[in-house]
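Asks: Okay, here's the structure, questions in a sec.
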Amino acid sequence: MSSIIQVGMADLKVARAPDKLITMGLGSCIGICVVDRARKVGCLAHIMLPSSLQAKNNQIRAKFADSAVEMLIEDLQKAGASASSLVAKIAGGAQMFKFSGQSDILKIGERNAQAVEECLEKNRIKLLASDTGGNYGRTITFDIETGDLLVRTIGHGERVI
């Protein structure tokens, strides 16, 4: 029998098939889903910011793209995953509010998506699919058994990536 495991903001959880991982309320945040399909072990991290390097309080590693990717690799390996077998899917990174001006500092969703993609590439984790951008929130459910990522939105339907 499978369980659905809730992942909160700035949180990260590892699970084994047939369990599923879910996180709600992805606006500018990114849900990073990583799995070792052969070993049926996966992880979902709900990151809020691109980098821990500029943060005054960076103790919560799952809050930042860079430290969350390091943490999920460590946790997946502890659970028996092989780092060379990891693949990823991501969702989120919306621009939830309109700001006057074009300052990139306010484009947190876009910056989050870019940071996550760079961290995955740096750690040689292949990004299989993404559903990022737009101006709407997402709730995602990650099926470790199949590797499917169900992305649900309000007003934009749902799809599996």
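Just remember, in the structure tokens the first chain shown is A, the second B, etc., residues are 1-based per chain, and ligands are 1-based in the order shown.
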Quick one: DSSP alpha helix (DSSP H) residues in chain A, as a PyMOL selection string?
Replies: chain A and resi 65-78+108-122
Asks: Select from stretch 74-152 of chain A every residue with an atom at most 12 Å from any atom of stretch 54-64 of chain A, then for each give the shortest pair of atoms and their distance in Å to one decimal, using only C-alpha atoms, rows by chain and rising number, as a tab-separated table.
Replies:
residue	atom	partner	partner_atom	distance
A:Glu74	CA	A:Arg61	CA	12.0
A:Asp75	CA	A:Ala62	CA	11.6
A:Ile108	CA	A:Phe64	CA	11.9
A:Arg111	CA	A:Phe64	CA	11.5
A:Asn112	CA	A:Phe64	CA	8.7
A:Ala113	CA	A:Phe64	CA	11.4
A:Ala115	CA	A:Phe64	CA	9.2
A:Val116	CA	A:Phe64	CA	9.0
A:Cys119	CA	A:Phe64	CA	10.6
Asks: Near A:Lys13, within 9 Å and counting only C-alpha atoms, which residues show up once chain neighbours fewer than 4 positions away are dropped, as a PDB file with N, CA and C atoms, in the first residue's frame?
Replies:
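To be explicit, this is the file written out as result.pdb:
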ATOM      1  N   ILE A   5       3.289  11.446   0.727  1.00  0.00           N
ATOM      2  CA  ILE A   5       4.104  12.144   1.714  1.00  0.00           C
ATOM      3  C   ILE A   5       4.152  13.624   1.360  1.00  0.00           C
ATOM      4  N   GLN A   6       3.744  14.456   2.309  1.00  0.00           N
ATOM      5  CA  GLN A   6       3.680  15.905   2.136  1.00  0.00           C
ATOM      6  C   GLN A   6       5.063  16.531   2.328  1.00  0.00           C
ATOM      7  N   VAL A   7       5.433  17.419   1.417  1.00  0.00           N
ATOM      8  CA  VAL A   7       6.685  18.166   1.510  1.00  0.00           C
ATOM      9  C   VAL A   7       6.323  19.637   1.622  1.00  0.00           C
ATOM     10  N   LEU A  21       5.277  11.658  -3.485  1.00  0.00           N
ATOM     11  CA  LEU A  21       5.623  12.884  -2.780  1.00  0.00           C
ATOM     12  C   LEU A  21       4.807  14.026  -3.375  1.00  0.00           C
ATOM     13  N   GLY A  42      13.289   8.080  -4.562  1.00  0.00           N
ATOM     14  CA  GLY A  42      13.210   9.429  -5.091  1.00  0.00           C
ATOM     15  C   GLY A  42      13.119  10.477  -4.003  1.00  0.00           C
ATOM     16  N   CYS A  43      13.154  11.712  -4.433  1.00  0.00           N
ATOM     17  CA  CYS A  43      13.189  12.842  -3.508  1.00  0.00           C
ATOM     18  C   CYS A  43      12.435  14.012  -4.110  1.00  0.00           C
ATOM     19  N   LEU A  44      11.816  14.805  -3.257  1.00  0.00           N
ATOM     20  CA  LEU A  44      11.210  16.068  -3.670  1.00  0.00           C
ATOM     21  C   LEU A  44      11.695  17.147  -2.720  1.00  0.00           C
ATOM     22  N   ALA A  45      12.254  18.218  -3.283  1.00  0.00           N
ATOM     23  CA  ALA A  45      12.665  19.387  -2.508  1.00  0.00           C
ATOM     24  C   ALA A  45      11.834  20.579  -2.970  1.00  0.00           C
ATOM     25  N   LEU A  72      19.883  16.683  -1.381  1.00  0.00           N
ATOM     26  CA  LEU A  72      19.090  15.587  -1.938  1.00  0.00           C
ATOM     27  C   LEU A  72      19.990  14.484  -2.477  1.00  0.00           C
ATOM     28  N   ASP A  75      21.118  12.573   0.649  1.00  0.00           N
ATOM     29  CA  ASP A  75      20.027  11.791   1.241  1.00  0.00           C
ATOM     30  C   ASP A  75      19.628  10.607   0.351  1.00  0.00           C
TER      31      ASP A  75
END
Asks: Could you work out how far atom CA of A:Gly133 lies from atom CA of A:Met71, giving the answer in Å with one decimal?
Replies: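 Separation of atom CA of A:Met71 and atom CA of A:Gly133: 24.5 Å.
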Asks: Quick one: of A:Gly137, A:Pro18, A:Gly27, A:Gly109, who's nearest to A:Arg152, counting only C-alpha atoms?
Replies: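 For A:Arg152, the nearest of the given residues is A:Gly137.
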Asks: Could you check which of A:Leu128, A:Ala91, A:Glu110, A:Ala68 is closest to A:Thr23, using only C-alpha atoms?
Replies: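 Using only C-alpha atoms, the shortest distance to A:Thr23 belongs to A:Ala91.
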Asks: Counting only C-alpha atoms, which residue out of A:Ser84, A:Gln95, A:Ser28, A:Asn123 sits closest to A:Val69?
Replies: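 Residue with the minimum atom-to-atom distance to A:Val69: A:Asn123.
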Asks: May I have all residues of chain A that DSSP, computed from the backbone, assigns to strand (DSSP E), given as a PyMOL selection string?
Replies: chain A and resi 4-6+11-16+20-26+30-36+41-47+86-92+126-132+138-143+149-153+158-160
Asks: What's around A:Arg124 at 9 Å? Count only C-alpha atoms, leave out sequence neighbours fewer than 6 positions away in its own chain, and write the answer as a ChimeraX atom specification.
Replies: /A:83-84,86-87
Asks: Generate the output file for the selected residues, C-alpha atoms, as a PDB file, in the first residue's frame.
Replies:
ATOM      1  CA  ALA A  83      24.452   9.348  -7.964  1.00  0.00           C
ATOM      2  CA  SER A  84      25.211   8.394 -11.569  1.00  0.00           C
ATOM      3  CA  LEU A  86      19.768  10.202 -10.890  1.00  0.00           C
ATOM      4  CA  VAL A  87      17.395  12.055 -13.211  1.00  0.00           C
TER       5      VAL A  87
END
